[in-house]
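The data block below is upload04.cif; it holds mmCIF, C-alpha atoms.
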```cif
data_input
#
loop_
_atom_site.label_atom_id
_atom_site.label_comp_id
_atom_site.auth_asym_id
_atom_site.auth_seq_id
_atom_site.Cartn_x
_atom_site.Cartn_y
_atom_site.Cartn_z
CA MET K 306 112.88 185.45 76.58
CA ARG K 307 113.24 186.93 73.11
CA GLU K 308 114.91 184.58 70.67
CA THR K 309 117.91 185.96 68.81
CA PRO K 310 119.19 184.95 65.38
CA ASN K 311 122.47 183.08 65.09
CA LEU K 312 124.86 181.72 62.47
CA ASN K 313 125.02 178.11 63.73
CA TYR K 314 123.40 176.64 60.62
CA ILE K 315 125.48 178.78 58.25
CA ASN K 316 128.68 177.88 60.08
CA GLN K 317 127.85 174.18 59.83
CA LEU K 318 127.07 174.57 56.16
CA ALA K 319 130.26 176.53 55.52
CA ALA K 320 132.37 173.74 57.07
CA GLY K 321 135.20 176.20 57.62
CA SER K 322 134.86 178.04 54.32
CA GLU K 323 134.96 181.74 55.19
CA GLU K 324 134.41 182.54 51.52
CA PHE K 325 131.09 180.68 51.44
CA LYS K 326 130.03 182.23 54.73
CA GLN K 327 130.64 185.76 53.53
CA LYS K 328 128.98 185.06 50.18
CA ILE K 329 125.79 183.67 51.69
CA ILE K 330 125.56 186.46 54.25
CA CYS K 331 125.94 188.94 51.43
CA ILE K 332 123.11 187.29 49.46
CA MET K 333 120.87 187.20 52.54
CA LYS K 334 121.55 190.85 53.22
CA LYS K 335 120.49 191.60 49.66
CA GLU K 336 117.46 189.27 49.47
CA PHE K 337 115.98 189.77 52.92
CA PRO K 338 115.07 193.48 52.62
CA GLU K 339 113.68 192.88 49.12
CA GLU K 340 111.47 190.02 50.28
CA LYS K 341 110.40 191.99 53.33
CA ASP K 342 109.42 195.01 51.21
CA VAL K 343 107.32 192.90 48.87
CA PHE K 344 105.61 191.35 51.88
CA PHE K 345 104.82 194.76 53.43
CA SER K 346 103.50 196.04 50.14
CA ASN K 347 101.17 193.06 49.66
CA PHE K 348 100.07 193.14 53.28
CA LYS K 349 99.33 196.87 53.09
CA ASP K 350 97.20 196.24 49.99
CA HIS K 351 95.32 193.47 51.85
CA ASN K 352 96.69 191.10 49.26
CA TYR K 353 96.99 188.34 51.84
CA LYS K 354 97.39 185.41 49.44
CA ASP K 355 100.48 186.97 47.87
CA ALA K 356 101.67 188.06 51.32
CA ALA K 357 101.47 184.37 52.35
CA GLU K 358 103.78 183.53 49.43
CA ASN K 359 106.22 186.19 50.63
CA VAL K 360 106.11 184.85 54.18
CA HIS K 361 106.75 181.38 52.78
CA LYS K 362 109.97 182.58 51.20
CA LEU K 363 111.05 184.52 54.30
CA LYS K 364 110.46 181.39 56.35
CA HIS K 365 113.58 179.75 54.92
CA LYS K 366 115.81 182.57 56.11
CA ILE K 367 114.13 182.57 59.53
CA GLY K 368 114.95 178.87 59.80
CA MET K 369 118.49 179.37 58.55
CA LEU K 370 119.13 181.95 61.27
CA GLY K 371 118.15 179.50 63.98
CA LEU K 372 114.89 181.13 65.08
CA GLU K 373 113.06 177.96 66.05
CA ASN K 374 110.07 179.59 67.72
CA GLY K 375 110.07 182.31 65.09
CA TYR K 376 109.90 179.61 62.44
CA LYS K 377 106.85 178.04 64.10
CA THR K 378 105.15 181.43 64.35
CA THR K 379 105.91 182.06 60.69
CA VAL K 380 104.40 178.72 59.66
CA SER K 381 101.20 179.64 61.54
CA PHE K 382 101.18 183.17 60.14
CA GLU K 383 101.53 181.87 56.59
CA GLU K 384 98.54 179.59 57.15
CA GLU K 385 96.57 182.48 58.67
CA LEU K 386 97.24 184.69 55.67
CA LYS K 387 96.05 181.99 53.29
CA GLY K 388 92.72 182.27 55.10
CA ASN K 389 92.79 186.10 54.92
CA LYS K 390 93.54 186.43 58.64
CA HIS K 391 96.52 188.16 60.23
CA SER K 392 96.40 188.08 64.02
CA LEU K 393 100.06 186.98 64.15
CA TYR K 394 101.26 190.03 62.23
CA PRO K 395 102.69 191.83 65.31
CA LYS K 396 104.65 188.71 66.32
CA PHE K 397 105.91 188.28 62.78
CA ILE K 398 107.13 191.86 62.67
CA VAL K 399 109.20 191.26 65.80
CA ILE K 400 110.87 188.34 64.00
CA LEU K 401 111.60 190.42 60.92
CA ASP K 402 112.99 193.23 63.05
CA SER K 403 115.28 190.91 64.94
CA ILE K 404 116.67 189.54 61.66
CA ASN K 405 117.05 193.04 60.31
CA ASP K 406 119.04 194.12 63.35
CA PHE K 407 121.12 190.96 63.25
CA LEU K 408 122.00 191.28 59.56
CA ASP K 409 123.03 194.87 60.19
CA THR K 410 125.68 193.64 62.61
CA LEU K 411 127.26 191.26 60.08
CA MET D 160 125.52 162.24 38.79
CA ASN D 161 125.20 165.56 37.04
CA CYS D 162 122.48 167.81 38.36
CA ILE D 163 120.82 171.20 38.19
CA ILE D 164 119.15 173.30 40.88
CA ILE D 165 115.88 175.17 40.37
CA ASP D 166 114.82 177.63 43.06
CA ASP D 167 113.60 181.21 42.85
CA GLU D 168 115.47 182.08 46.05
CA GLU D 169 119.16 182.80 45.52
CA THR D 170 120.03 181.91 49.12
CA ALA D 171 118.45 178.48 48.66
CA ARG D 172 120.34 177.85 45.43
CA MET D 173 123.58 178.72 47.14
CA VAL D 174 122.85 176.43 50.09
CA ILE D 175 122.25 173.50 47.74
CA GLN D 176 125.37 174.35 45.71
CA GLN D 177 127.37 174.24 48.94
CA LEU D 178 125.81 170.93 50.00
CA CYS D 179 126.51 169.44 46.57
CA SER D 180 130.13 170.57 46.78
CA GLN D 181 130.54 168.19 49.69
CA VAL D 182 129.60 165.14 47.62
CA ASP D 183 132.30 163.96 45.21
CA THR D 184 129.90 162.10 42.95
CA LEU D 185 127.73 165.16 42.27
CA GLN D 186 128.45 167.75 39.61
CA VAL D 187 126.23 170.81 39.54
CA GLU D 188 125.88 171.88 35.91
CA ASP D 189 123.94 175.03 36.63
CA ASP D 190 121.26 176.60 38.76
CA PHE D 191 118.14 178.45 37.68
CA PRO D 192 115.78 180.92 39.36
CA ASN D 193 112.79 179.58 37.44
CA ALA D 194 111.53 176.51 35.65
CA LEU D 195 111.42 178.03 32.19
CA GLN D 196 115.15 178.70 32.12
CA ALA D 197 115.75 175.15 33.32
CA ILE D 198 113.58 173.74 30.56
CA LYS D 199 115.73 175.45 27.97
CA HIS D 200 118.83 173.93 29.55
CA LEU D 201 117.29 170.45 29.75
CA ASN D 202 116.39 170.54 26.08
CA GLN D 203 120.07 170.88 25.31
CA SER D 204 121.70 168.82 28.04
CA PRO D 205 119.79 166.20 29.99
CA VAL D 206 120.76 165.62 33.61
CA ASP D 207 120.63 162.74 36.09
CA LEU D 208 119.15 164.69 38.97
CA ILE D 209 117.21 167.88 39.62
CA PHE D 210 116.91 169.70 42.94
CA LEU D 211 113.55 171.33 42.54
CA ASP D 212 111.77 173.90 44.68
CA ILE D 213 108.01 173.37 44.74
CA HIS D 214 106.97 176.87 45.67
CA MET D 215 107.84 179.19 42.83
CA PRO D 216 105.82 182.05 41.43
CA ASP D 217 103.92 181.48 38.17
CA PHE D 218 105.16 177.95 37.60
CA THR D 219 105.39 175.53 40.52
CA GLY D 220 107.71 172.57 40.83
CA PHE D 221 104.80 170.21 40.15
CA ASP D 222 103.83 172.17 37.02
CA PHE D 223 107.43 171.78 35.91
CA ILE D 224 107.49 168.01 36.45
CA GLN D 225 104.36 167.66 34.38
CA THR D 226 106.06 169.29 31.40
CA LEU D 227 108.83 166.68 31.39
CA LYS D 228 108.32 163.79 29.04
CA ASN D 229 110.98 161.56 30.63
CA PRO D 230 111.83 163.20 33.93
CA PRO D 231 115.16 162.42 35.55
CA LYS D 232 115.39 161.77 39.29
CA ILE D 233 114.09 164.69 41.28
CA ILE D 234 114.72 165.74 44.86
CA LEU D 235 112.16 168.26 45.99
CA THR D 236 113.30 171.09 48.21
CA THR D 237 110.66 173.06 50.04
CA SER D 238 109.82 174.99 53.17
CA ASP D 239 106.44 173.31 53.25
CA LYS D 240 105.85 169.88 54.75
CA ASN D 241 102.34 169.70 53.38
CA PHE D 242 103.27 168.55 49.90
CA ALA D 243 104.92 165.28 50.96
CA LEU D 244 101.95 163.12 50.02
CA GLU D 245 101.50 164.73 46.64
CA ALA D 246 105.23 164.47 46.00
CA PHE D 247 105.32 160.71 46.17
CA GLU D 248 102.64 160.36 43.54
CA TYR D 249 105.44 161.04 41.08
CA GLU D 250 107.72 158.13 40.34
CA CYS D 251 110.61 160.42 39.49
CA ILE D 252 110.67 162.04 42.93
CA VAL D 253 113.21 160.20 45.03
CA ASP D 254 113.16 162.38 48.13
CA TYR D 255 111.68 165.44 49.75
CA LEU D 256 113.91 167.85 51.66
CA VAL D 257 112.47 170.45 54.01
CA LYS D 258 114.42 173.70 54.23
CA PRO D 259 116.68 174.61 55.92
CA ILE D 260 118.43 171.48 54.68
CA THR D 261 121.10 169.91 56.88
CA LEU D 262 124.12 168.03 55.51
CA PRO D 263 123.21 164.63 57.07
CA ARG D 264 119.69 164.78 55.64
CA PHE D 265 121.05 165.90 52.28
CA LEU D 266 123.51 163.00 52.16
CA LYS D 267 120.68 160.59 52.88
CA ALA D 268 118.73 161.99 49.94
CA ILE D 269 121.74 161.59 47.65
CA GLN D 270 122.16 157.98 48.76
CA LYS D 271 118.50 157.40 47.92
CA ALA D 272 118.97 158.98 44.51
CA GLU D 273 122.05 156.88 43.82
CA SER D 274 120.36 153.66 44.81
CA THR D 275 117.16 154.34 42.86
CA PRO D 276 117.21 152.84 39.35
CA ASP D 277 117.14 155.41 36.58
CA VAL D 278 113.58 156.49 35.86
CA ALA D 279 114.44 157.52 32.34
CA PRO D 280 117.80 156.26 31.08
CA GLU D 281 117.87 158.69 28.20
CA SER D 282 116.52 161.24 30.67
CA THR D 283 115.38 163.62 28.04
CA PRO D 284 113.52 166.52 28.35
CA VAL D 285 110.59 168.49 27.70
CA THR D 286 107.21 167.97 26.17
CA ASN D 287 107.26 169.66 22.83
CA THR D 288 104.58 172.29 22.85
CA ASN D 289 106.00 174.12 19.90
CA THR D 290 104.59 173.43 16.46
CA ASP D 291 107.32 175.37 14.73
CA ASP D 292 109.42 172.87 12.72
CA SER D 293 112.42 175.12 12.88
CA GLU D 294 112.68 174.61 16.63
CA PRO D 295 112.51 170.86 17.25
CA THR D 296 113.96 171.13 20.74
CA GLY D 297 110.67 172.17 22.30
CA ILE D 298 110.01 175.27 24.26
CA SER D 299 111.98 178.35 23.50
CA SER D 300 111.55 181.82 24.74
CA GLY D 301 112.09 185.12 23.06
CA GLU D 302 111.20 188.65 23.93
CA ASN D 303 107.80 188.30 22.27
CA ASP D 304 106.88 185.00 23.87
CA LEU D 305 104.66 184.43 26.84
CA TYR D 306 104.27 180.96 28.28
CA VAL D 307 101.04 180.06 30.00
CA ASN D 308 100.18 176.94 31.92
CA ILE D 309 97.02 175.34 30.59
CA ASP D 310 95.98 171.81 31.47
CA ARG D 311 99.47 171.02 32.68
CA ARG D 312 101.05 172.14 29.43
CA LEU D 313 103.15 175.21 28.79
CA ILE D 314 101.63 177.00 25.85
CA LYS D 315 103.56 179.68 24.02
CA ILE D 316 101.69 182.81 23.01
CA ASP D 317 103.17 185.40 20.70
CA MET D 318 102.45 188.56 22.70
CA PRO D 319 101.83 190.94 19.77
CA THR D 320 98.95 188.67 18.68
CA ILE D 321 97.14 189.22 21.97
CA GLN D 322 94.16 191.52 21.56
CA ILE D 323 92.52 191.66 24.98
CA ILE D 324 93.02 190.14 28.39
CA GLU D 325 89.97 190.00 30.58
CA ALA D 326 89.76 189.17 34.31
CA LYS D 327 87.32 186.36 35.07
CA GLY D 328 87.35 185.67 38.79
CA ASP D 329 90.37 183.50 39.57
CA TYR D 330 91.10 183.23 35.85
CA ILE D 331 92.04 185.48 32.96
CA LEU D 332 90.81 185.14 29.40
CA ILE D 333 93.51 185.88 26.84
CA LYS D 334 92.08 186.65 23.41
CA THR D 335 94.51 186.43 20.51
CA GLU D 336 93.93 186.84 16.77
CA LYS D 337 93.43 183.10 16.34
CA GLN D 338 92.54 181.61 19.69
CA ASN D 339 91.34 182.29 23.22
CA TYR D 340 93.03 180.91 26.32
CA THR D 341 91.66 180.67 29.85
CA VAL D 342 94.48 180.71 32.37
CA HIS D 343 94.46 180.45 36.16
CA SER D 344 96.11 183.78 36.96
CA THR D 345 95.39 187.43 37.66
CA LEU D 346 95.54 190.59 35.58
CA LYS D 347 98.15 191.95 37.97
CA LYS D 348 100.46 189.01 37.34
CA ILE D 349 100.16 189.04 33.57
CA GLU D 350 100.48 192.82 33.44
CA GLU D 351 103.99 192.49 34.86
CA LYS D 352 104.97 190.19 31.98
CA LEU D 353 103.61 192.31 29.15
CA PRO D 354 105.61 194.98 27.30
CA ASP D 355 104.45 198.46 28.35
CA GLU D 356 104.74 199.85 24.84
CA LEU D 357 102.08 197.44 23.59
CA PHE D 358 99.69 196.90 26.45
CA LEU D 359 97.65 199.10 28.72
CA LYS D 360 95.22 198.40 31.52
CA VAL D 361 92.16 200.43 30.60
CA HIS D 362 89.77 199.06 33.20
CA ARG D 363 90.14 197.00 36.36
CA SER D 364 89.03 193.96 34.38
CA TYR D 365 90.72 194.63 31.04
CA ILE D 366 94.17 194.97 29.53
CA ILE D 367 94.26 195.81 25.84
CA ASN D 368 96.84 195.73 23.08
CA ILE D 369 96.79 199.35 21.96
CA LYS D 370 97.94 198.40 18.45
CA LYS D 371 94.71 196.45 18.01
CA ILE D 372 92.35 199.35 18.67
CA ILE D 373 89.95 199.94 15.80
CA ASP D 374 88.20 202.97 17.24
CA ILE D 375 87.53 204.82 20.45
CA GLU D 376 84.20 206.20 21.46
CA ASP D 377 83.50 208.01 24.72
CA ASN D 378 84.57 205.59 27.39
CA SER D 379 85.09 202.48 25.32
CA VAL D 380 87.39 201.06 22.69
CA LEU D 381 86.64 198.64 19.89
CA ILE D 382 89.06 195.75 19.44
CA ALA D 383 88.10 193.14 16.86
CA LYS D 384 84.42 192.66 17.70
CA ASP D 385 84.70 193.50 21.37
CA VAL D 386 83.74 196.78 22.95
CA ILE D 387 85.98 197.27 25.98
CA PRO D 388 85.12 199.77 28.71
CA VAL D 389 87.72 202.40 29.59
CA SER D 390 87.72 203.72 33.14
CA ARG D 391 87.69 207.47 33.56
CA SER D 392 90.97 207.31 35.46
CA ASN D 393 92.68 205.28 32.71
CA ARG D 394 91.45 207.37 29.80
CA PRO D 395 94.15 210.11 29.99
CA GLU D 396 96.93 207.50 29.81
CA LEU D 397 95.25 205.85 26.85
CA MET D 398 94.92 209.17 25.01
CA LYS D 399 98.55 209.95 25.76
CA ARG D 400 99.64 206.68 24.15
CA LEU D 401 97.77 207.30 20.91
CA ASN D 402 99.27 208.96 17.88
CA LEU D 403 96.70 211.74 17.68
CA LEU D 404 96.47 214.10 14.75
#
```
Go ahead and express the file in the form of structure tokens.
Amino acid sequence: MRETPNLNYINQLAAGSEEFKQKIICIMKKEFPEEKDVFFSNFKDHNYKDAAENVHKLKHKIGMLGLENGYKTTVSFEEELKGNKHSLYPKFIVILDSINDFLDTL
Amino acid sequence: MNCIIIDDEETARMVIQQLCSQVDTLQVEDDFPNALQAIKHLNQSPVDLIFLDIHMPDFTGFDFIQTLKNPPKIILTTSDKNFALEAFEYECIVDYLVKPITLPRFLKAIQKAESTPDVAPESTPVTNTNTDDSEPTGISSGENDLYVNIDRRLIKIDMPTIQIIEAKGDYILIKTEKQNYTVHSTLKKIEEKLPDELFLKVHRSYIINIKKIIDIEDNSVLIAKDVIPVSRSNRPELMKRLNLL
């Protein structure tokens, strides 16, 4: 079954503060597309070492949104990219898409 | 304990700010998206504790620690478990938090920090790499300055004095009027830091300071004693930038 993002971690962190929750969602909505674009650009240019750095940064948000399996896939994909391989790219794209869709609903 | 947060990711800085807000004994003085800005702050106001991301572009958390003469306590924050061993080679590192950081794990790290004796009571700051007597506080940055990491030191280079930058495998060679520097970086990375009005990439392996050109002949330029090739595709841009009679 496809894993879906959730706000459990952010809700715990917010400890009831709606202000914090809205602020962090707002930052994620700003940062996520930027980080994703840089990743796609580096990947398209076969610049896999830099793409690995981008994946590393995206990994935090994937973890924050509760995608446990997605997080594991991302860890493996980052390692792959460091070795100039990218077989997990299609799986990684599914993760990014699910976050994209989720953030659009917030 | 007063503290600062260094992380290039805004989301991560905000998470740590929020976690800190839940500990009465912690006061966050500021947060910084890169180590250089933090160094400037530390030169003026030392802190008891730093939350430091390892994985940052250009200047990693470990590079940063190595610039500190008397580092305060440091809690590393990272999305990478692989650095744990390296982390504990540094006496100043009291804990290692893997992102996303939970409150219980964060509180444990703070307890560790509080129970660890001060590593540097005066907890002052940064290795002075500046020879300018007028700036005794160490590293400063201005619009003409470029800091490069060489042998675990941040070296300041006055950008207008750069003549040529040459790609050398995983390194770049920066030639200035007085000195040459070999830095572990790429032309692409340094190009982003250089002012466009002064520098131009004329070949896939060369960036030149156009103010330093002595003459141009066919597909090459002379800078100091070096003849630098100019790619056919880059020649029109070079000619456009020159004040031609």
Show which residues sit within 12 Å of Leu312 of chain K, as a JSON list (two decimals) with C-alpha atoms, in the frame of the given file. Count all atoms listed in the file, and ignore same-chain residues fewer than 6 positions away.
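Saved file out18.json follows:
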```json
[["chain", "number", "residue", "atom", "x", "y", "z"],
["K", 318, "LEU", "CA", 127.07, 174.57, 56.16],
["K", 319, "ALA", "CA", 130.26, 176.53, 55.52],
["K", 326, "LYS", "CA", 130.03, 182.23, 54.73],
["K", 327, "GLN", "CA", 130.64, 185.76, 53.53],
["K", 329, "ILE", "CA", 125.79, 183.67, 51.69],
["K", 330, "ILE", "CA", 125.56, 186.46, 54.25],
["K", 366, "LYS", "CA", 115.81, 182.57, 56.11],
["K", 367, "ILE", "CA", 114.13, 182.57, 59.53],
["K", 368, "GLY", "CA", 114.95, 178.87, 59.80],
["K", 369, "MET", "CA", 118.49, 179.37, 58.55],
["K", 370, "LEU", "CA", 119.13, 181.95, 61.27],
["K", 371, "GLY", "CA", 118.15, 179.50, 63.98],
["K", 372, "LEU", "CA", 114.89, 181.13, 65.08],
["K", 404, "ILE", "CA", 116.67, 189.54, 61.66],
["K", 407, "PHE", "CA", 121.12, 190.96, 63.25],
["K", 408, "LEU", "CA", 122.00, 191.28, 59.56],
["K", 410, "THR", "CA", 125.68, 193.64, 62.61],
["K", 411, "LEU", "CA", 127.26, 191.26, 60.08]]
```
*Residues of chain D no more than 8 Å from chain K, counting all atoms listed in the file: send them over as a VMD selection string.*
chain D and resid 168 to 170 173 to 174 177 to 178 238 258 to 259 261 to 262
Export, as a PDB file, in the coordinates of the input, the selected residues with C-alpha atoms.
```
ATOM      1  CA  GLU D 168     115.470 182.080  46.050  1.00  0.00           C
ATOM      2  CA  GLU D 169     119.160 182.800  45.520  1.00  0.00           C
ATOM      3  CA  THR D 170     120.030 181.910  49.120  1.00  0.00           C
ATOM      4  CA  MET D 173     123.580 178.720  47.140  1.00  0.00           C
ATOM      5  CA  VAL D 174     122.850 176.430  50.090  1.00  0.00           C
ATOM      6  CA  GLN D 177     127.370 174.240  48.940  1.00  0.00           C
ATOM      7  CA  LEU D 178     125.810 170.930  50.000  1.00  0.00           C
ATOM      8  CA  SER D 238     109.820 174.990  53.170  1.00  0.00           C
ATOM      9  CA  LYS D 258     114.420 173.700  54.230  1.00  0.00           C
ATOM     10  CA  PRO D 259     116.680 174.610  55.920  1.00  0.00           C
ATOM     11  CA  THR D 261     121.100 169.910  56.880  1.00  0.00           C
ATOM     12  CA  LEU D 262     124.120 168.030  55.510  1.00  0.00           C
TER      13      LEU D 262
END
```
*So what does the PyMOL selection byres ((chain D and resi 186) around 6) actually pick up in this one, as a list of chain:residue names?*
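Against this file, the PyMOL selection byres ((chain D and resi 186) around 6) returns the residues D:Asn161, D:Leu185, D:Val187.
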Axis-aligned box for segment 172-189 of chain D, 4 Å per side, centre and edges in Å as AutoDock Vina command-line options:
```
--center_x 126.3 --center_y 170.4 --center_z 43.0 --size_x 20.0 --size_y 24.6 --size_z 22.2
```
*Kindly give the distance, in Å, that separates atom CA of Thr341 of chain D and atom CA of Asp329 of chain D, rounded to a single decimal.*
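Separation between atom CA of Thr341 of chain D and atom CA of Asp329 of chain D: 10.2 Å.
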_Which residues would end up in the selection if the PyMOL selection byres ((chain D and resi 382) around 12) were applied here, given that I need the answer as a PyMOL selection string?_
chain D and resi 321-324+334-336+365-376+379-381+383-388
Taking C-alpha atoms for each residue, export the selection above as a JSON list (two decimals), in the frame of the given file.
```json
[["chain", "number", "residue", "atom", "x", "y", "z"],
["D", 321, "ILE", "CA", 97.14, 189.22, 21.97],
["D", 322, "GLN", "CA", 94.16, 191.52, 21.56],
["D", 323, "ILE", "CA", 92.52, 191.66, 24.98],
["D", 324, "ILE", "CA", 93.02, 190.14, 28.39],
["D", 334, "LYS", "CA", 92.08, 186.65, 23.41],
["D", 335, "THR", "CA", 94.51, 186.43, 20.51],
["D", 336, "GLU", "CA", 93.93, 186.84, 16.77],
["D", 365, "TYR", "CA", 90.72, 194.63, 31.04],
["D", 366, "ILE", "CA", 94.17, 194.97, 29.53],
["D", 367, "ILE", "CA", 94.26, 195.81, 25.84],
["D", 368, "ASN", "CA", 96.84, 195.73, 23.08],
["D", 369, "ILE", "CA", 96.79, 199.35, 21.96],
["D", 370, "LYS", "CA", 97.94, 198.40, 18.45],
["D", 371, "LYS", "CA", 94.71, 196.45, 18.01],
["D", 372, "ILE", "CA", 92.35, 199.35, 18.67],
["D", 373, "ILE", "CA", 89.95, 199.94, 15.80],
["D", 374, "ASP", "CA", 88.20, 202.97, 17.24],
["D", 375, "ILE", "CA", 87.53, 204.82, 20.45],
["D", 376, "GLU", "CA", 84.20, 206.20, 21.46],
["D", 379, "SER", "CA", 85.09, 202.48, 25.32],
["D", 380, "VAL", "CA", 87.39, 201.06, 22.69],
["D", 381, "LEU", "CA", 86.64, 198.64, 19.89],
["D", 383, "ALA", "CA", 88.10, 193.14, 16.86],
["D", 384, "LYS", "CA", 84.42, 192.66, 17.70],
["D", 385, "ASP", "CA", 84.70, 193.50, 21.37],
["D", 386, "VAL", "CA", 83.74, 196.78, 22.95],
["D", 387, "ILE", "CA", 85.98, 197.27, 25.98],
["D", 388, "PRO", "CA", 85.12, 199.77, 28.71]]
```
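Nearest to Arg363 of chain D of all the residues D:Val342, D:Ile163, D:Leu211, D:Val389 is D:Val389, based on all atoms listed in the file.
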*Expressed in Å to a single decimal, how great is the separation between atom CA of Asn308 of chain D and atom CA of Phe358 of chain D?*
20.7 Å
_atom CA of Lys387 of chain K to atom CA of Asn347 of chain K, distance in Å rounded to a single decimal_ = 12.7 Å
_Which residues, named as in the file, does the PyMOL selection byres ((chain D and resi 343) around 10) pick out? Answer as a PyMOL selection string._
chain D and resi 217+307-310+327-332+340-342+344-345
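Across K:Asn316, K:Phe345, K:Leu386, K:Ala357, the tightest approach to Ile398 of chain K is made by K:Phe345 when counting all atoms listed in the file.
Ranking K:Glu308, K:Val343, K:Lys354, K:Pro338 by their shortest atom-to-atom distance to Asn389 of chain K, with only C-alpha atoms included, puts K:Lys354 first.
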*Is there a way to get, as a PyMOL selection string, all residues within 12 Å of the point (104.9, 181.8, 66.6) in file coordinates, counting all atoms listed in the file?*
chain K and resi 307-308+364+367+372-385+392-400
*Mind checking which residues fall within 10 Å of Phe265 of chain D, counting all atoms listed in the file, ignoring those fewer than 6 positions away in the same chain, and posting them as a list in words?*
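Residues near the query, excluding close chain neighbours: Ile175, Leu178, Cys179, Val182, Ile234, Asp254, Tyr255, Leu256, Val257 and Lys271 of chain D.
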Write out N, CA and C atoms for segment 334-350 of chain D, as a short mmCIF file (atom, residue, chain, number, x, y, z; two decimals), keeping the file's coordinate frame.
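Dumped to out-v1.cif:
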```cif
data_model
loop_
_atom_site.label_atom_id
_atom_site.label_comp_id
_atom_site.auth_asym_id
_atom_site.auth_seq_id
_atom_site.Cartn_x
_atom_site.Cartn_y
_atom_site.Cartn_z
N LYS D 334 92.60 186.76 24.77
CA LYS D 334 92.08 186.65 23.41
C LYS D 334 93.16 187.04 22.42
N THR D 335 93.52 186.11 21.55
CA THR D 335 94.51 186.43 20.51
C THR D 335 93.80 186.46 19.16
N GLU D 336 94.55 186.76 18.10
CA GLU D 336 93.93 186.84 16.77
C GLU D 336 93.29 185.51 16.38
N LYS D 337 93.93 184.41 16.80
CA LYS D 337 93.43 183.10 16.34
C LYS D 337 92.68 182.32 17.41
N GLN D 338 93.04 182.52 18.65
CA GLN D 338 92.54 181.61 19.69
C GLN D 338 92.36 182.33 21.03
N ASN D 339 91.50 181.76 21.86
CA ASN D 339 91.34 182.29 23.22
C ASN D 339 91.89 181.28 24.22
N TYR D 340 92.48 181.79 25.29
CA TYR D 340 93.03 180.91 26.32
C TYR D 340 92.51 181.34 27.69
N THR D 341 92.05 180.37 28.47
CA THR D 341 91.66 180.67 29.85
C THR D 341 92.76 180.15 30.77
N VAL D 342 93.31 181.05 31.56
CA VAL D 342 94.48 180.71 32.37
C VAL D 342 94.20 181.05 33.84
N HIS D 343 94.63 180.18 34.74
CA HIS D 343 94.46 180.45 36.16
C HIS D 343 95.53 181.46 36.60
N SER D 344 95.17 182.72 36.59
CA SER D 344 96.11 183.78 36.96
C SER D 344 95.32 185.07 37.19
N THR D 345 96.06 186.15 37.42
CA THR D 345 95.39 187.43 37.66
C THR D 345 95.90 188.46 36.66
N LEU D 346 95.12 189.52 36.49
CA LEU D 346 95.54 190.59 35.58
C LEU D 346 96.84 191.20 36.07
N LYS D 347 96.95 191.32 37.40
CA LYS D 347 98.15 191.95 37.97
C LYS D 347 99.41 191.15 37.56
N LYS D 348 99.30 189.83 37.65
CA LYS D 348 100.46 189.01 37.34
C LYS D 348 100.83 189.09 35.86
N ILE D 349 99.83 189.02 35.00
CA ILE D 349 100.16 189.04 33.57
C ILE D 349 100.62 190.42 33.14
N GLU D 350 100.10 191.44 33.79
CA GLU D 350 100.48 192.82 33.44
C GLU D 350 102.00 193.01 33.58
#
```
